Structures are given as C-alpha cells and as structure tokens.
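Written out below as structure tokens is the structure these notes cover.
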Amino acid sequence: PCIFSISVFPDSFYFCVTSSLYFLVFFLVLSLVLSEWFAYPSVFSLILELFIKNCKGAEKAGQFLDNLHINLLKFAFSIRAYSPTIQMFQQIAADEPPPDGCDAFVVIHRKHTCKINELKKLLKKATSRPRPYLFKGDHIFPTDKENLPVTILYAEIGTRGFSKFHKVLSEKARNGEILYVLRHYIQKPESQKMYLSGYGVELAIKSTEYKALDDTQVKTVTNTTVEDEMETNEVQGFLFQKLKERYSDLKDNLTAFQKYLIESNKEMTPLKVWELQDLSFQAASQIMSTPVYDAIKLMKDISQNFPIKARYVKVCCFDYRKMMNGLHNLGINKEDVSKFLKLNSRVLDHTYALDIRHSSWINDLENDDLYVTWPASCQELLKPVFPGTIPSIRRNFHNLVLFIDPAQEYTLDFIKLAELFYYHKIPLRIGFVFIVNTDDEVDGADDAGVALWRAFNYIAEERDVSQAFISIVQMYQKVKNDKILTVDNVKSVLLNLFPDANIWDILGIHSKYDNDRKEGASFYEMTGLGPLPQALYNGELFKLEQLNSEELETNVLHRMMDATINLQREVFMGTLNDRTNVIDFLMEKNNVVPRVNPLVLHTKWQYLNLISTSGKIILPYTFYKFTLWIIADFDKPSGRKLLLNALKFMKTSVHSRLGVIYNPTSKINEENTAISRGVLAAFLTQKNSFLRNFLRKLAKEETATAIYSGEKIKTFLTEVIGDLPVNIFRTHQLFCQDVLKLRPGEIGIVSNGKVSRKSSCSPFSWAYDRGVSNLFLSQHTCCSTCFMSDLVMKVDALLSSLPKRASRHDITFLRENHSIITINPEENDMFFDVIAIVDPLTREAQKMTQLLIVLGKIINMKIKLFMNCRGKLSEAPLKSFYRFVLEPELVLVANGITGPVATFLDIPEAPLLTLNMITPEGWLVETVHSNCDLDNIHLKDVERTVTAEYELEYLLLEGHCFDTVTEQPPRGLQFTLGTKNTPVVVDTIVMASLGYFQLKANPGAWILKLRQGKSEDIYQIVGHEGTDSQPDLGDVIVVISSFKSKILEVQVQKKPDKIKEDILTDKEEKKKGMWDSIKSFTRRLHKEKDKKEADVLNIFSVASGHLYERFLRIMMLSVLRNTKTPVKFWFLKNYLSPTFKEVIPHMAEEYGFQYELVQYRWPSWLHQQTEKQRIIWGYKILFLDVLFPLAVDKIIFVDADQIVRHDLKELRDFDLGGAPYGYTPFCDSRTEMDGYRFWKKGYWASHLLKRKYHISALYVVDLKKFRRIAAGDRLRGQYQALSQDPNSLSNLDQDLPNNMIYQVAIKSLPQDWLWCETWCDDDSKQRAKTIDLCNNPKTKEPKLKAAARIVPEWVEYDTEIRQLLDHLENKKKNASKSAFYGGV
C-alpha cells in the first residue's frame, strides 16, 4: 500500500518506437559527429550511406564516437533530446500535406510527387515558383552552389521508398543540379507513447486541520502485496533479498525484522525546536561519515525522504566534452585540462572595444558639481533598485563617445541625444570626437566645422567645458531645415555669449584656439571604423541600424543596464573597488584594442579542426603564439600585395609566424606558377631574415614584371637546385576547395585556425587584434610541453570554435576536513572537475543528488561536494517527499522501451499527502489517469498501489511585445498561432506586465500572427527576435524543436490611420452619454429578443481534489436551477482530475450548458508559490485579464463549495459604480466569532480605516474596465512586492485585492449575496442568495457534514449528480463488455 509511481509522457505528439528509433540514432550520431567534423562535407553523405546499408544504427555509432560520446548518446536517448525535432518534421510534413498513399514524397517549390519519374518535370520550371522556406534544423546535402532548385524529401530512413529517392536525389545534388533537403516523415506513425524524464515529483504533507476527504472513495483490491514490496527493498542498509537467499531457513524471521524496520522508518514524530536548530549540520555530519562513494546516495535518501529521515539525522554541456576530448587528443595532461577550460578565449565580435581615454569630455561625473549629491562608493551598485533603473553613482561607469562631423546631417541628432542625456542627469559621461577639416589653409570664416572647433575651445577656456557644450546645443538649435551647421550659427551664439569679443580673433586664420584640430580625424582614421555616423559605449561599437535617432537612445540605455550587471559582479568579486580608476579599469580589459576591422566584426567565422593534422608535435626553435596562413594566387598582383602586407605585419609582431597556401586562379602549369613556386621553394629552403628578404623582393611588382618578361627565377634564388614540380600545388588547391571552401584564386587568411575570406588586401590590423584577444595564453602557466607553437595554434583553434561560455574560476576552500567530500575519478582517463555546493536539507539537494548520480554514470568526473549548511533552523527545512526523474540511459525490455518513472516506497500511511509535479519551464502537463484522489492521498485508506500518469500536453511559447512608438506593451493585443492550412490553432492576449504573452504549442513550424479583428486592424508587426524567420519575411515563423521553452520579442506599431484607436475601447462606447448607459425599459422588443439570444452568463471556478470537484458539480447544478439565462462555465484545467474532465462533457449534454477549460502557466518572472493551495489562490486573482477572451465582458467567480439560491444574472448586471470588480464583505452579525475576525485588529484595521474586508468566495469582474485600468498589472506588481515575505498574503486570493483597495477599487456587494454560517447569524440566512461552506476555525467541522446540515437542497443535488455518475459508469462498463465480446 505504500508504493507510489508516476510517469509522464507527451499527449499530442507520439514517438514511433520501432521505426523512428532508427532515425533518432542517425540524428543523434550525426549531430555529435558533425559537431566535431563539420569542416568536411563528405562526412554527412558517408554517415547517411552507412546508416542506409546497416540497419543496426546504434551499433554503428561506435564507428564514429568514443566511449564518452557513446554515453552521451545513451543519455540523449534517455531524455529524448531530439524527439521534439523528429516530431517537428512530422508536423511540417503533415502541413504540406502528403499525397495520398505515399510513404515517401518529394516537394519541389510547392509541387508534390511520390514518383521518381516526375522529378524531371517538376524541376523544369521550379525556379519560377516561390522558393520554400528552409529551417535551421533541416538536413541539407552539401553543395558548393547556391540558388539551386530546392528539393525536399519527406521519408523515413531505412525504408525502400527513401532508398529509391535518395539514390537519385543525392546524385543530382553531387552534380550541382538541386539543393537536396531531407525531412523525417512516417506515413502511419504508431500511437505508442514514450515516457519522459527531467522533471520532479513531490508528495507534500497536507494540513488535516479541516477534513477534506471525499467519503465516496471506494477501497479496491490490492494489486501489490507487502511481501512483494519488501522483496525489492533495501531497508536501513540491510539487503533483505540477498539475506533471504543466503539464509533461507531464517526467511520468516528476516521478513518480520524487515517489516519492523519498515514500520519504524515510517514514524513521523515531530521534532522539538531545540532538535531542529542544528539539523542541517547533523545531516552533513552523517553524510561525511559514510564511505565517499555512498555519500551522494545517502544525501539523496535524506533529502528526498526527509519527513521520515529527520529523526535519524543527527550541474552537462556537449561543448565541454568536445573541448575536453580535443585537449586530451592533443596530449594535454589531465591535471592541466582544467586550466585551459578556465581560459575565456572567445570574445564575441560585438564586444571588441576601442580605447576612448583621449576623447573630449563634456561632463565628468566624478568631479562636476552637477553630481555632487550622488553617492560615490562602488558598493552602491550592490544596493537594490527598481527593475530597469540605472543607479546614480558619482563614478564614470558609463561612457558614451559620439563622433561629430558638423558637415553631416546626423550630427544634429547626436547633439539632441547628448542634450537629452545631459539635462536629465543620466549617469553617463559624454564625450565628443570632432572630425573637422584638417587643411591648415581652411579657417573658421569659411568652414563651419573649423568654426565650431575653435568656438568650443574658446568657450571652454573662458568658462568651462559644460558651458562649451551648452553653446554647441544652442548653435544646433539655430540650424534650419537642411540640418547642416553654418558659420553664421556659430557666430550668432558667440556674439550672444561674448558681445565684446572679436569674432575673427576666435574663428579667423590667426586664431589661437585651433590646437589639436587634427586629433579627432586622426583618431577616427586610426580606429578603422567605417563610415559615419559612429558612436562608442565604453569603447564598444554600435551596429549601423542602432545609430539612427530613434534607436540610439534605447540602445544606449540597454547597454548601460547590461554593463551595470557586469559591474555589480566585478564589485562583488572585489576586482572593482573605491580605489580603482574606473576608466583605466574598463580600458585595460583584454577586449580593448587600438584598431578594429570589419573583417573581424562582420564575418561569420569558420574554424579548422587541427587536432588530427599531425601525428606528433613539432618543436620550433622559437615559441610563437600566433600562426598566420595567407591563401592567394601569388602569380596575381592581389596575391603579391597580400604577401607584402603580411611581411610588414611580421616586422611588428615578434610572436607571430607566417605560412602560405597557394590557391590557383586557373589551371596549373609551369608558365603561370613561376612566382608561386619561388615562394614555396623559399619556404622550404630559407630561414629567418634570408627568407623575409627574398619574399619581400619576390612580392614586388617590378620583380614579377622581370620574371614574366623572360628572366628566370634562378637569378633571384641561386641556392635552389632545380625547379619545384607543379604537382605539389594540387594538394594546396584541394585543401582550398574542400576544407577552406574558397573559390579559385580567392584570397583568405587563417589565424590560429580561424578562417577569414578577405575581399581586399588591406593591412593586417585585424590579425593584431586577434593576437591581443588571445594573449591569455601568455598569462597562464602550465606544463612546459604546452609552450609549443603548433600546440598553441591547435588549442586556440579548438577553444575559439566553441560558443561563448560562462567564465570559469578556480574555487578554493580554506579547510576541507569537515565539510567537503572528495570523490576521485577513474585513473588513466580524462575527467571533468565538478564542484557542488549545497545545503543537504533543501529542494536543491533533492534535485542535485540525482543529477550527480546520473552524471557520474555518463562521464568520468572528480567531485568535490561542499556542505553549505544553515544553522538555527526554527522549522523543518523540508516538508515533502521528492523524486527527481532522470536516468543515464534507456532500459530495454521484451515489449519495447520502458521509460523512467518516479517511485515512492516506504511512505508512512498516517499523513495526508498531495501530489505536485515540478516540471521544466515551458511544460504544460495534465493528469490523464489516476486510481486515487491525488490531492488527498491517505495511504491508510487505500488498499492498492497508487499510480498516476501525466501527459505533456503542450510546450509553451512565451514572448514579450512592445509598441515601438510608445515603448509600452500594447495591452489587449491578441496573437494567434497556427499553420498555413490551419491559421488559428491557439490564441492569447498580451499582458500589461512586461508585454508578456504565452501560447500553447507542440513541436513543429508555426506562424505567429495578429488576431483577425481589432488587433489586426489597428496594429502591424514591425520586428521580431527569437523567431526562425528573417525580419523582412512576411510571415513570422516560429519553430519548436526541443523541450525548452522558447521566448520571443515582438515589436508592433499602430497603423498610420489607427493612431488614436484603442483595442480595449469600443467606438460605440466612446459615443455613449450618461442616458445611454442607463438601462431603459422602453427599448424595442426585437432588440431585447436579440440580446437574450446572445446573452450568456459566464461563471468561473477552480477546484482540486475529488471532494472539491464533488462540491463543484453541485454548485453548477445550483446555478442552473436558479437561472433561465444560458450559462457557460470556465474551469481552470491545471488541477482538475481525469475523472472530472471525463464527466463534464456528459453533464453539459445532460443539463444544457457550455463549458471551457482554461489553462495558464505561471510566468517564470513572477514570484513562484510552492504550496498547491496558494498556487490555486493565485490563479483566482492574478491572471483575470488574460485567462478569458476579450469577447467576455463580465465574469462571476463562484467558489466550488458554494450553493446558489438566486439568479446570478442579477449579480452580473449589478452596477459596480466604476469599480473593476465587486466583492461581498465578511459578515459581522455572528458576534461569538469576534475573536477570529483578524481584519478587525492589527494591520488590517489600520489599513482599511473602517472600510470592509471582503471575502473572495464570490465576486463579479467587469473585464473591460479591469483591462482598461491595467488592474491585473497593478495586482501582479503588488503581489511581486509582498510575496517575497513568507508571512505576507496569508490568504492570497482575498488579502491581495483588499490590500490594493486604494489602487484598484472594490465595489461592496449587498450582504445577501453571500451567507456563511461561520460569520453570519441565523436570521440573515433566509435572505441569502448564495451560501458558502466556510471553514469554521472554532468547531473545525468537516465540510461534508456541514453541507448536509446547513443546506437542505445540497443532499438532493448530491444525490442527483451521483445518479448521473452511476449511470455513466454503467454505460461505460456495458460499452467495454460489448467491445470485448465483439472483438472475440
């Protein structure tokens, strides 16, 4: 009776275990292999062919993967890593749709066929039809050509249909006729569901203060005996199964002893306060005292079963395994691997920065009087501020440099932006780089730029720099329509400011205020920046599209907020303090360079895999940190120029070495390779200065002219004996084509394995920058063998090829004797260094222990487990049993694949338990089967194994939406998600909070659109990020191909002719006057009739557990018995049982009502509740603005345990007096309960000030008003602030609206609308329109008993519902019998 198991599997997408497993093996191996060997296109086709010929794909994986990768492959199987991707292809195929009767088919530019002989016909005019959209996950057969007809094969690998098509299509792809794309497709997928992992299951102990069990639950025959249960268990260290095998004669005694231990284990005697104080330390001590290899298992047992263990107590990424494998193959000792892993090698392109210390600053936060009242300590960065706020601190943390060219129009926008930041006292230091005419003959009388520069210097000298800036602002305020500054504008401001000054002494040819005029232009030229406009934030560049006047302000503020986070980290780590010069600190980072180059900033890099390029390491005489290969045809002028520039660069870079690769432009022969052969011969025979001198001479154009005019190469290189054979260049040519992907004669550079195609022979400044960014190699020490040029090149190529990763640091502990467990790795193999820091009695420990156990079975690792205990505990740190479902590999059985489940054994029978699923962000799961009330599990009353099955119903698509004009969320905007064949599958509403929205989806390719109607009429989508389509593409395509939540950012703006319209306001409503808003009995009869036909009473309710679902059905019946208006019930789906969801359609048919199940995932940015009851309370109040469609004007919430005695239509039509919602106040008439009225004293008495405290059992919401005043946003904001305190919002659903009564008004409903025996006297009961079965804190009377006593009709309703349920059950049994005998 104490066994509990839970399993989770997807609902809406299935995984074909037999056939799709084959494709999944291929998919996973391909992903793993290509991550290592992507530089070699033939690998794709090689693997594909091998998998086609060999049906045992999993076994073939060993040909491509080592043991580590095999383990990762098994783990990927276990977590179903690529199953969503496979299902994505299946959904895309279904949307084509597939031709009838085809197990494989081809789509060529919207034309379908499943016949090979029709391919030629469809290819003829393919390019005249629209080109299909290709997704990031598509498998594309390698080809060098672009703009080929796209041929998409939908097929299942391993089938005959696939093989026939693949043979033809792959041949055409090799011949450059088509772009061949493969997508997975099964004609008839099996319905067998797969089990998932990666989630947590919690059995929380419920309070039994009020009995909440449904007495209609029936005990059933057990299907698991205690004996069976005990046979499989280890109890308190005893392996009873083995003991019984060895001592069979003592089996009965051992069974009795085992049973005794199990029962004693289940005791849950409450601990005294003094026993709780050091419980965390006692748990750590017990874990430390056990053998190291059992320590993690013991911590798992203690943390996951803490409620019964308390009495006896006295983090993987494929990129890292690639890196570690590579370092291991390069011969790096395992002791030194961790040092290489800590190198922060990858500097993303946009994070390169220029040194800005020599700019002309117009303000200085550290010294100007304007900022004297601001705090100056760096510690101020660590103080909490409102989200989105940049702290005002008297330090130059944020620096903006604007390049000012008065001769260009953009300068006016830059000056306005600087003025905006300056006058609003944004904590930003602003600097100018003046780019003006550098001709000494030009003076300020003729050139506005020169005049501006001289005037700026003059005013700065006479007054100060701030006044000089203000004067520049005034000059630009006088600029007319052409936006170009003139000399007259400068003169006008100077004369107003200095009426007695001689203007021509300042601006004229003999001006003494012309110092350093050329410095700005020189700095601009030296930086290598592209065309103006240009701006730098802390030296970092902006993209061109970010520099327009509308975007720059926003981008600067975003950069400041991002930088603040990094600065906070630096202050916290102690690297930035009050003694630090901030500017020097920023400018001395590794990413600061003297010059940038577009080749560095705007190139999609290719990285060479150099790990296996040589069987041994070459030891050069000199250590070089930087290896440069230049690729060119040196018999062409461009190639020789590139060689000359490389030689110039070598003069200034003593840590560099140079190599050459010949890439011929045309067919190779002796006549057109003379210089290239000379270059290569020199590399093979010469060294050092002789080599440099010869190459420099050979690269000159006069030398080339002489050679091709008849003089022989021997004149210039007499040491070379004989000419090099031409065939040697064939190797170079193949390397350029197959590995570097260069066209014949194309110029390229390889810098430590980083490949760049150069469009010109510009100087090698970019290479210098690259060298600076990799000086980390000289800043770390490791074994002497690491200081080798080839090794540095290969290691740098390996580290640079990986995506940007989090910084890694050495973690050292002062003492390790009493709080650290060290588990050593297996010998003679590379290992991962894992440090885990955890309090053993926390939810994190419950998860981490299973994760570490699984990780230890996948990789070889050294673990240091640090016990970070808390002291002086005042309450039990854990109040639930917990299981984290994660396995290292699949388990194969005879009937297929079994999945991971959560199993709870040895659970005590006495406490009342409730089940909670703790799933990854973005999962929406529902219960599909259970043989018990999962909200009230009392094992004492259950005679069978409790089982439950959940389905992953949807994957969440989340996003944030903003109006680009107002920079505010477009409240009430609606999005739809669908496919090209089904445009609307789901829809949603944008919140006011952060512009947040969420949509329910499944793996596949989806189209996001504005909903037809007001949203589409008023707004248009103008930009999006995080999607899978290009910004200029008409449709916004979103691909869901993993179990991870996807987050979008959507920008919209109103259409030009809809600027003044509002989604949440009706045009008719704007025109209404006072008299129109009063209901008149003189309306025409046919209008009344139309209204009645459209009239629906919307009732919202929530329930969890069989008892409250029983109450809910009775409440529904009471509503229907007392109204003639059509009713639509809205239920929160998240916590409904499978039984209720199965019955509700039959009730709707029987009683003639509508219903809808609404579902919403608690947003990750909103403070999470952990108790199920508090989560349900939150759903009652926090998401009212987004749970229901905009068409629903009013909604009435009715508690499940309420009985309605009056027509709720009257409540819906009640005048709320402008308030967004109406609640009933608590009764005051039952005076004997005064001592329990908490709202009459303390905080509530002072907060309400004689206002009523309202009960949340019944309320009506005007959703139009609610949304219009952003009431949901206000409630969520207050909740976010108050919920951080665990002692706040005890009754969340009613404390929150009562607390917000001054911000979101409550209309007090007449007292008759809610009667509750606990608070209302008996005399008022006869007037009650609804009766609520409130808990009575005085008597603690069970609700079932109170319902039958207080409400006579409740028993009648209950009997009627029970008869309906019995009828449905009998009908179901009869249908099952008929199906069985029909089958027989």
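Note on naming: chains are A, B, ... as they come in the structure tokens, residues start from 1 per chain, ligands start from 1 in the order shown.
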Please provide as a list in words all residues within 10 Å of Asn1098 of chain A, with the sequence filter that same-chain residues fewer than 4 positions apart are discarded (counting only C-alpha atoms).
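Here the answer would be Pro1126, Val1127, Lys1128, Phe1129, Trp1130, Gln1154, Tyr1155, Val1192, Asp1193, Lys1194, Ile1195, Ile1196, Phe1197, Leu1208, Lys1209, Arg1212 and Val1260 of chain A.
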Would you kindly return, as a ChimeraX atom specification, each protein, DNA or RNA residue with an atom no farther than 9 Å from any atom of Ser1041 of chain A, considering only C-alpha atoms and excluding same-chain residues fewer than 5 positions away?
/A:82-89,137,1002-1005
Would you pick out the contacts of segment 500-516 of chain A at 7 Å or less, using only C-alpha atoms, so that residues sharing its chain but fewer than 6 positions from it are not included, and give the list as a ChimeraX atom specification?
/A:443-445,451,454-455,457-458
Next, the residues of the selection above should be written as a PDB file, in the first residue's frame with N, CA, C and O atoms.
```
ATOM      1  N   ASP A 443      40.038  78.101 -42.544  1.00  0.00           N
ATOM      2  CA  ASP A 443      39.795  78.659 -41.216  1.00  0.00           C
ATOM      3  C   ASP A 443      38.298  78.740 -40.938  1.00  0.00           C
ATOM      4  O   ASP A 443      37.461  78.360 -41.753  1.00  0.00           O
ATOM      5  N   GLY A 444      37.962  79.267 -39.771  1.00  0.00           N
ATOM      6  CA  GLY A 444      36.592  79.311 -39.306  1.00  0.00           C
ATOM      7  C   GLY A 444      35.709  80.290 -40.023  1.00  0.00           C
ATOM      8  O   GLY A 444      34.488  80.297 -39.813  1.00  0.00           O
ATOM      9  N   ALA A 445      36.264  81.135 -40.863  1.00  0.00           N
ATOM     10  CA  ALA A 445      35.428  82.085 -41.594  1.00  0.00           C
ATOM     11  C   ALA A 445      34.675  81.392 -42.724  1.00  0.00           C
ATOM     12  O   ALA A 445      33.614  81.866 -43.152  1.00  0.00           O
ATOM     13  N   ALA A 451      35.051  76.392 -37.448  1.00  0.00           N
ATOM     14  CA  ALA A 451      34.486  77.426 -36.587  1.00  0.00           C
ATOM     15  C   ALA A 451      33.964  76.815 -35.287  1.00  0.00           C
ATOM     16  O   ALA A 451      34.166  77.366 -34.192  1.00  0.00           O
ATOM     17  N   ARG A 454      36.961  75.812 -32.990  1.00  0.00           N
ATOM     18  CA  ARG A 454      37.610  76.958 -32.347  1.00  0.00           C
ATOM     19  C   ARG A 454      36.701  77.602 -31.311  1.00  0.00           C
ATOM     20  O   ARG A 454      37.165  78.017 -30.237  1.00  0.00           O
ATOM     21  N   ALA A 455      35.398  77.684 -31.625  1.00  0.00           N
ATOM     22  CA  ALA A 455      34.463  78.254 -30.657  1.00  0.00           C
ATOM     23  C   ALA A 455      34.382  77.386 -29.405  1.00  0.00           C
ATOM     24  O   ALA A 455      34.327  77.906 -28.277  1.00  0.00           O
ATOM     25  N   ASN A 457      36.730  75.453 -28.109  1.00  0.00           N
ATOM     26  CA  ASN A 457      37.943  75.651 -27.320  1.00  0.00           C
ATOM     27  C   ASN A 457      37.934  77.009 -26.605  1.00  0.00           C
ATOM     28  O   ASN A 457      38.354  77.113 -25.441  1.00  0.00           O
ATOM     29  N   TYR A 458      37.440  78.018 -27.304  1.00  0.00           N
ATOM     30  CA  TYR A 458      37.412  79.365 -26.719  1.00  0.00           C
ATOM     31  C   TYR A 458      36.476  79.407 -25.501  1.00  0.00           C
ATOM     32  O   TYR A 458      36.854  79.901 -24.423  1.00  0.00           O
TER      33      TYR A 458
END
```
Shell around Phe884 of chain A at 12 Å using only C-alpha atoms, local window under 2 positions removed, as a PyMOL selection string:
chain A and resi 6-7+196-203+300-301+303-304+843-854+881-882+886-887+900-904+917-920
For Val834 of chain A, list every protein, DNA or RNA residue within 9 Å, evaluated using only C-alpha atoms, and leave out those in the same chain fewer than 3 positions away; present the list as an mmCIF file with C-alpha atoms, in the first residue's frame.
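Wrote result.cif, looks like this:
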```
data_model
loop_
_atom_site.group_PDB
_atom_site.id
_atom_site.type_symbol
_atom_site.label_atom_id
_atom_site.label_comp_id
_atom_site.auth_asym_id
_atom_site.auth_seq_id
_atom_site.Cartn_x
_atom_site.Cartn_y
_atom_site.Cartn_z
ATOM 1 C CA VAL A 315 25.030 20.732 -12.810
ATOM 2 C CA MET A 861 34.494 13.131 -13.023
ATOM 3 C CA LYS A 862 36.199 14.311 -9.901
ATOM 4 C CA ILE A 863 33.613 15.598 -7.441
ATOM 5 C CA LYS A 864 34.044 17.943 -4.528
ATOM 6 C CA LEU A 865 30.817 18.128 -2.554
#
```
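Near segment 836-839 of chain A, within 6 Å and counting only C-alpha atoms, sit Leu841, Thr842, Leu865, Phe866, Met867, Asn868 and Cys869 of chain A, not including residues fewer than 2 positions from it in the same chain.
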Skipping near chain neighbours, those fewer than 4 positions away, what residues fall within 12 Å of Glu1150 of chain A using only C-alpha atoms, listed as a list in words?
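My reading of the contact set: Leu1117, Leu1120, Val1143, Ile1144, Pro1145, His1146, Gln1154, Glu1360, Ile1361, Leu1364, Leu1365, His1367 and Leu1368 of chain A.
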Writer output for current selection, all heavy atoms, as a JSON list (two decimals), in the first residue's frame:
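Output contents, as saved in again17.json:
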```
[["chain", "number", "residue", "atom", "x", "y", "z"],
["A", 1117, "LEU", "N", -24.94, 22.73, -10.57],
["A", 1117, "LEU", "CA", -26.35, 22.37, -10.64],
["A", 1117, "LEU", "C", -27.21, 23.42, -9.96],
["A", 1117, "LEU", "O", -28.30, 23.76, -10.45],
["A", 1117, "LEU", "CB", -26.56, 21.00, -10.01],
["A", 1117, "LEU", "CG", -27.94, 20.36, -10.18],
["A", 1117, "LEU", "CD1", -28.33, 20.30, -11.66],
["A", 1117, "LEU", "CD2", -27.99, 18.98, -9.54],
["A", 1120, "LEU", "N", -27.61, 26.36, -12.33],
["A", 1120, "LEU", "CA", -28.53, 26.06, -13.44],
["A", 1120, "LEU", "C", -29.99, 26.01, -12.98],
["A", 1120, "LEU", "O", -30.89, 26.36, -13.74],
["A", 1120, "LEU", "CB", -28.14, 24.72, -14.07],
["A", 1120, "LEU", "CG", -26.75, 24.68, -14.73],
["A", 1120, "LEU", "CD1", -26.35, 23.26, -15.07],
["A", 1120, "LEU", "CD2", -26.72, 25.55, -15.99],
["A", 1143, "VAL", "N", -16.17, 13.40, -17.05],
["A", 1143, "VAL", "CA", -17.60, 13.51, -16.76],
["A", 1143, "VAL", "C", -18.21, 14.80, -17.29],
["A", 1143, "VAL", "O", -19.37, 14.82, -17.72],
["A", 1143, "VAL", "CB", -17.82, 13.39, -15.23],
["A", 1143, "VAL", "CG1", -19.24, 13.83, -14.84],
["A", 1143, "VAL", "CG2", -17.54, 11.99, -14.76],
["A", 1144, "ILE", "N", -17.45, 15.89, -17.30],
["A", 1144, "ILE", "CA", -18.03, 17.20, -17.59],
["A", 1144, "ILE", "C", -18.72, 17.28, -18.95],
["A", 1144, "ILE", "O", -19.77, 17.93, -19.07],
["A", 1144, "ILE", "CB", -16.95, 18.31, -17.43],
["A", 1144, "ILE", "CG1", -17.59, 19.70, -17.41],
["A", 1144, "ILE", "CG2", -15.88, 18.23, -18.47],
["A", 1144, "ILE", "CD1", -18.46, 19.96, -16.23],
["A", 1145, "PRO", "N", -18.23, 16.63, -20.02],
["A", 1145, "PRO", "CA", -18.97, 16.69, -21.29],
["A", 1145, "PRO", "C", -20.37, 16.07, -21.19],
["A", 1145, "PRO", "O", -21.32, 16.56, -21.80],
["A", 1145, "PRO", "CB", -18.09, 15.92, -22.28],
["A", 1145, "PRO", "CG", -16.74, 15.89, -21.66],
["A", 1145, "PRO", "CD", -16.97, 15.87, -20.19],
["A", 1146, "HIS", "N", -20.49, 15.00, -20.41],
["A", 1146, "HIS", "CA", -21.79, 14.35, -20.24],
["A", 1146, "HIS", "C", -22.73, 15.22, -19.43],
["A", 1146, "HIS", "O", -23.94, 15.28, -19.71],
["A", 1146, "HIS", "CB", -21.61, 12.98, -19.57],
["A", 1146, "HIS", "CG", -20.72, 12.05, -20.34],
["A", 1146, "HIS", "ND1", -21.14, 11.41, -21.49],
["A", 1146, "HIS", "CD2", -19.43, 11.65, -20.13],
["A", 1146, "HIS", "CE1", -20.16, 10.65, -21.95],
["A", 1146, "HIS", "NE2", -19.10, 10.78, -21.14],
["A", 1154, "GLN", "N", -22.78, 25.31, -21.53],
["A", 1154, "GLN", "CA", -21.49, 25.34, -22.22],
["A", 1154, "GLN", "C", -20.38, 25.31, -21.17],
["A", 1154, "GLN", "O", -20.59, 25.70, -20.02],
["A", 1154, "GLN", "CB", -21.34, 26.60, -23.07],
["A", 1154, "GLN", "CG", -22.43, 26.81, -24.11],
["A", 1154, "GLN", "CD", -22.25, 28.15, -24.80],
["A", 1154, "GLN", "OE1", -21.20, 28.46, -25.34],
["A", 1154, "GLN", "NE2", -23.31, 28.96, -24.77],
["A", 1360, "GLU", "N", -28.71, 13.61, -7.01],
["A", 1360, "GLU", "CA", -28.96, 13.68, -8.45],
["A", 1360, "GLU", "C", -27.67, 13.52, -9.26],
["A", 1360, "GLU", "O", -27.64, 12.78, -10.26],
["A", 1360, "GLU", "CB", -29.63, 15.02, -8.77],
["A", 1360, "GLU", "CG", -30.00, 15.17, -10.24],
["A", 1360, "GLU", "CD", -30.74, 16.47, -10.53],
["A", 1360, "GLU", "OE1", -31.31, 17.06, -9.59],
["A", 1360, "GLU", "OE2", -30.74, 16.90, -11.72],
["A", 1361, "ILE", "N", -26.62, 14.19, -8.81],
["A", 1361, "ILE", "CA", -25.32, 14.07, -9.51],
["A", 1361, "ILE", "C", -24.79, 12.65, -9.39],
["A", 1361, "ILE", "O", -24.26, 12.08, -10.36],
["A", 1361, "ILE", "CB", -24.31, 15.09, -8.94],
["A", 1361, "ILE", "CG1", -24.77, 16.53, -9.21],
["A", 1361, "ILE", "CG2", -22.92, 14.85, -9.54],
["A", 1361, "ILE", "CD1", -24.77, 16.93, -10.65],
["A", 1364, "LEU", "N", -26.41, 10.40, -11.86],
["A", 1364, "LEU", "CA", -25.87, 10.62, -13.21],
["A", 1364, "LEU", "C", -24.51, 9.93, -13.36],
["A", 1364, "LEU", "O", -24.25, 9.27, -14.38],
["A", 1364, "LEU", "CB", -25.74, 12.12, -13.48],
["A", 1364, "LEU", "CG", -25.05, 12.50, -14.80],
["A", 1364, "LEU", "CD1", -25.88, 11.99, -16.00],
["A", 1364, "LEU", "CD2", -24.86, 14.02, -14.91],
["A", 1365, "LEU", "N", -23.66, 10.03, -12.35],
["A", 1365, "LEU", "CA", -22.33, 9.41, -12.42],
["A", 1365, "LEU", "C", -22.45, 7.89, -12.46],
["A", 1365, "LEU", "O", -21.70, 7.22, -13.20],
["A", 1365, "LEU", "CB", -21.48, 9.86, -11.22],
["A", 1365, "LEU", "CG", -21.14, 11.35, -11.14],
["A", 1365, "LEU", "CD1", -20.29, 11.63, -9.90],
["A", 1365, "LEU", "CD2", -20.40, 11.82, -12.38],
["A", 1367, "HIS", "N", -24.96, 6.23, -13.64],
["A", 1367, "HIS", "CA", -25.47, 5.90, -14.97],
["A", 1367, "HIS", "C", -24.34, 5.90, -16.01],
["A", 1367, "HIS", "O", -24.25, 4.99, -16.85],
["A", 1367, "HIS", "CB", -26.56, 6.90, -15.36],
["A", 1367, "HIS", "CG", -27.00, 6.78, -16.78],
["A", 1367, "HIS", "ND1", -27.74, 5.69, -17.26],
["A", 1367, "HIS", "CD2", -26.79, 7.60, -17.87],
["A", 1367, "HIS", "CE1", -27.96, 5.86, -18.56],
["A", 1367, "HIS", "NE2", -27.41, 7.00, -18.95],
["A", 1368, "LEU", "N", -23.47, 6.90, -15.92],
["A", 1368, "LEU", "CA", -22.35, 6.99, -16.87],
["A", 1368, "LEU", "C", -21.38, 5.83, -16.67],
["A", 1368, "LEU", "O", -20.84, 5.29, -17.63],
["A", 1368, "LEU", "CB", -21.63, 8.33, -16.70],
["A", 1368, "LEU", "CG", -22.42, 9.59, -17.06],
["A", 1368, "LEU", "CD1", -21.62, 10.83, -16.72],
["A", 1368, "LEU", "CD2", -22.76, 9.59, -18.56]]
```
Å distance separating atom CA of Ala632 of chain A from atom CA of Phe141 of chain A, one decimal place:
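Distance reported for this atom pair: 28.4 Å.
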When you count only C-alpha atoms, which of these residues is closest to Leu1136 of chain A: A:Leu1097, A:Leu1258, A:Leu934, A:Leu647?
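Using only C-alpha atoms, Leu1136 of chain A sits closest to A:Leu934.
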Residue list (strand (DSSP E), DSSP) for segment 322-509 of chain A, as a count of residues only
16
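Counting only C-alpha atoms and comparing A:Ile859, A:Ala295, A:Ala93, A:Val792, the residue that lies closest to Asp66 of chain A is A:Ile859.
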If I take atom CA of Tyr1221 of chain A and atom CA of Ala1305 of chain A, how far is one from the other in Å, to one decimal?
7.6 Å
